[in-house]
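Colleague: Provided herewith is a single structure, encoded as structure tokens, for subsequent inquiry.
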Amino acid sequence: MDVIKFVISFIGGVFLTGSLRDIIPNDGIAQLIITIIIFGSSLVLVYYLIEKIFPFSEKKKIKVDILSTQNQAQVSPSKITEDLARKILAGRKVVVESGIFEEPITVGTVSEGRKDPITGEISERFYWKDENGNDDLDRPYLIVNLQAMNEEQSDKANRFFDEGEWEQSVGSEVGNLSLRMSPEDTAKHNIARGSIVIASFDYRLNSDDEYVLVCTAISPMKSKAGKNSFRERLAQQKTATKTNQKIKDVDTEQKKS
């Protein structure tokens, strides 16, 4: 398609240049230079007009093909390698009994709903259920995913990993410990991806009438304040400055008297 446009532009450039031959001087070098300039300008002008009339060029077709390929790539699941699966699982704590976990736990993700696999945007938000089992639109919640597993999840992960199923070993087939929280509580306690929290766990009855270990509460980990030597230096400097000023004031008063 672009070759055809160029041929038409070339012919149009020759035609326009020929139609302007009467204004071109006949003195050798100047004639050649002016002819080349007029021909080049005519060629660009004609090609521009054709591009406006027939805008779909090969370049734009390539862009469309690239976008189509990108969309297909978004649908395809990301490839989890053995090393990546090992790193992900090594970063998860394993909780074996109820109570406050003895080590800090990192928040993996905070999700407010299910995402569209192609666009990545929230397609269905999470809501608590009302007494009739319907979504209560006034009570949304977030799912705080922890980098932690119970023993059952850990056993599943190891089983998938040993079988070479790297993606399943870190996927929804195994899962991780999580907690539902209201957006207000999440914001109040600054819970976000990468947050370090202290978590409590207990056994709860699931839909299969089995008791499983779940997360029941989390709170931000309190950090101990350290000694800032620069604050002490600043305080000492201010004290020394005040002392020096008092000495100067005394000297000034003595000189006056």
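Each chain of the structure tokens is named A, B, ... in the order shown, its residues numbered from 1; ligands are numbered from 1 in display order.
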Which residues are near Glu184 (chain A)? Cut-off 12 Å, only C-alpha atoms, ignore same chain within fewer than 6 positions. Put them as a CSV table (one decimal) with N, CA and C atoms, in the first residue's frame.
Modeller:
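Output file selection.csv follows:
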```csv
chain,number,residue,atom,x,y,z
A,139,ARG,N,-21.1,-2.0,52.7
A,139,ARG,CA,-20.0,-2.6,53.5
A,139,ARG,C,-19.0,-3.3,52.7
A,140,PRO,N,-18.2,-2.5,52.0
A,140,PRO,CA,-17.1,-3.2,51.2
A,140,PRO,C,-16.0,-3.6,52.1
A,141,TYR,N,-15.2,-4.5,51.7
A,141,TYR,CA,-14.0,-5.0,52.4
A,141,TYR,C,-12.8,-5.2,51.5
A,142,LEU,N,-11.6,-5.2,52.1
A,142,LEU,CA,-10.4,-5.5,51.3
A,142,LEU,C,-9.9,-6.9,51.8
A,190,ASN,N,-2.6,2.0,58.4
A,190,ASN,CA,-1.6,2.1,57.3
A,190,ASN,C,-1.2,0.7,56.8
A,191,ILE,N,-2.2,-0.2,56.5
A,191,ILE,CA,-1.9,-1.5,56.0
A,191,ILE,C,-1.8,-1.4,54.5
```
Colleague: Sorted by chain and rising residue number, list the residues of region 67-171 of chain A at most 12 Å from region 201-218 of chain A (counting only C-alpha atoms), each with its closest atom pair and distance in Å to one decimal, as JSON lines.
Modeller:
```
{"residue": "A:Val94", "atom": "CA", "partner": "A:Leu213", "partner_atom": "CA", "distance": 11.0}
{"residue": "A:Val95", "atom": "CA", "partner": "A:Leu213", "partner_atom": "CA", "distance": 8.2}
{"residue": "A:Val96", "atom": "CA", "partner": "A:Leu213", "partner_atom": "CA", "distance": 7.9}
{"residue": "A:Glu97", "atom": "CA", "partner": "A:Leu213", "partner_atom": "CA", "distance": 7.3}
{"residue": "A:Ser98", "atom": "CA", "partner": "A:Asp202", "partner_atom": "CA", "distance": 4.4}
{"residue": "A:Gly99", "atom": "CA", "partner": "A:Phe201", "partner_atom": "CA", "distance": 5.2}
{"residue": "A:Ile100", "atom": "CA", "partner": "A:Phe201", "partner_atom": "CA", "distance": 6.3}
{"residue": "A:Phe101", "atom": "CA", "partner": "A:Phe201", "partner_atom": "CA", "distance": 7.3}
{"residue": "A:Glu102", "atom": "CA", "partner": "A:Phe201", "partner_atom": "CA", "distance": 11.1}
{"residue": "A:Pro104", "atom": "CA", "partner": "A:Ile218", "partner_atom": "CA", "distance": 10.3}
{"residue": "A:Ile105", "atom": "CA", "partner": "A:Ile218", "partner_atom": "CA", "distance": 9.5}
{"residue": "A:Thr106", "atom": "CA", "partner": "A:Ile218", "partner_atom": "CA", "distance": 10.8}
{"residue": "A:Val107", "atom": "CA", "partner": "A:Ile218", "partner_atom": "CA", "distance": 10.0}
{"residue": "A:Ile143", "atom": "CA", "partner": "A:Cys215", "partner_atom": "CA", "distance": 11.5}
{"residue": "A:Val144", "atom": "CA", "partner": "A:Ile218", "partner_atom": "CA", "distance": 9.5}
{"residue": "A:Asn145", "atom": "CA", "partner": "A:Cys215", "partner_atom": "CA", "distance": 9.9}
{"residue": "A:Leu146", "atom": "CA", "partner": "A:Cys215", "partner_atom": "CA", "distance": 9.0}
{"residue": "A:Gln147", "atom": "CA", "partner": "A:Cys215", "partner_atom": "CA", "distance": 11.6}
{"residue": "A:Ala148", "atom": "CA", "partner": "A:Cys215", "partner_atom": "CA", "distance": 9.6}
{"residue": "A:Met149", "atom": "CA", "partner": "A:Val214", "partner_atom": "CA", "distance": 9.1}
{"residue": "A:Asn150", "atom": "CA", "partner": "A:Leu213", "partner_atom": "CA", "distance": 6.4}
{"residue": "A:Glu151", "atom": "CA", "partner": "A:Leu213", "partner_atom": "CA", "distance": 8.6}
{"residue": "A:Glu152", "atom": "CA", "partner": "A:Val212", "partner_atom": "CA", "distance": 8.7}
{"residue": "A:Gln153", "atom": "CA", "partner": "A:Leu213", "partner_atom": "CA", "distance": 10.2}
```
Colleague: Just the selected residues (C-alpha atoms), exported as a CSV table (one decimal), in the first residue's frame, please.
Modeller:
```csv
chain,number,residue,atom,x,y,z
A,94,VAL,CA,4.5,-21.2,58.2
A,95,VAL,CA,2.0,-20.9,61.1
A,96,VAL,CA,1.4,-24.1,63.0
A,97,GLU,CA,-0.7,-23.1,66.0
A,98,SER,CA,-3.1,-20.5,67.2
A,99,GLY,CA,-2.0,-17.4,69.0
A,100,ILE,CA,0.1,-14.3,68.2
A,101,PHE,CA,2.8,-15.3,65.7
A,102,GLU,CA,6.3,-14.9,67.2
A,104,PRO,CA,6.7,-10.2,62.0
A,105,ILE,CA,4.9,-11.0,58.8
A,106,THR,CA,5.0,-9.0,55.6
A,107,VAL,CA,1.8,-8.0,53.7
A,143,ILE,CA,-8.5,-8.8,51.4
A,144,VAL,CA,-5.1,-8.4,53.0
A,145,ASN,CA,-2.9,-11.2,51.8
A,146,LEU,CA,0.0,-12.2,54.1
A,147,GLN,CA,3.2,-13.8,53.1
A,148,ALA,CA,2.3,-16.7,55.4
A,149,MET,CA,0.8,-20.2,55.1
A,150,ASN,CA,-0.6,-22.8,57.5
A,151,GLU,CA,0.7,-26.3,57.6
A,152,GLU,CA,-1.8,-27.7,55.1
A,153,GLN,CA,-1.0,-24.9,52.6
```
Colleague: Record the distance separating CA of Trp128 (chain A) and CA of Lys115 (chain A), expressed in Å with one decimal.
Modeller: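 Separation of CA of Trp128 (chain A) and CA of Lys115 (chain A): 18.0 Å.
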Colleague: For the structure I just gave you, how does DSSP split region 86-242 of chain A - specifically, which residues are alpha helix (DSSP H)? Reply as a PyMOL selection string.
Modeller: chain A and resi 86-90+151-162+166-169+183-188+229-242
Colleague: Region 91-228 of chain A: which residues are strand (DSSP E or B) by DSSP, as a ChimeraX atom specification?
Modeller: /A:93-95,99-100,105-111,113-115,122-125,127-129,135-140,142-146,148-150,178-181,196-205,211-220
